[in-house]
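Please read the structure below before turning to the comments.
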Amino acid sequence: MDKSPDAFRTISEAADELDLPQHVLRFWETRFSTIKPLKRGGGRRYYRPEDVLLLKGIRHLLYDQGFTIKGVQRILKDQGIRYVIGIGEGRPVEALERQPADAEPEEDFAPEAEAIPDEDMTEAPPTPARLRLPSFKPKPAGLTSADRDKLSDVLRELLDCKRLLERAREG
């Protein structure tokens, strides 16, 4: 019997829905202070529907977009929880950029370079999942709004190409 969409999920149910091992969810709780499942007697975790959507957004940013944990922490700090939940719901980025940030800053967040170390690049040629993508609200100097729109269109097209390539590899 399937649960209602509004029902709380155990860690095993959340992990199955996200296609992740349970230990990854426990680890993310240590890295993202915004992930706060309810804990009942014996320490059993219960994830609210919003928690699962937040986890989906974090998973998408880490695994599909190639962000680092610090990069996702920065997005949560700059854009807010609703933004990442919107990503988890699959809403277009353009619709999300208008939402106000509502997340508390990460306590252990320290701004550092987001580049992939050179030793990572020598192991294998870069794949789309390993490429660094710009922040969702880039403010590059010297670019007009029209230029940013064109770059956003190109980025969307590249992401579509990436999805097609991944499907071709699987099939």
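Chain identifiers are assigned as A, B, and so on, following the order in which chains appear in the structure tokens; residues are numbered from 1 within each chain, and ligands are numbered from 1 in order of appearance.
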
* Write out as a PyMOL selection string the residues lying within 12 Å of stretch 21-24 of chain A, counting only C-alpha atoms and excluding same-chain residues fewer than 3 positions away. => chain A and resi 10-18+27-32+45+55+58-59+62
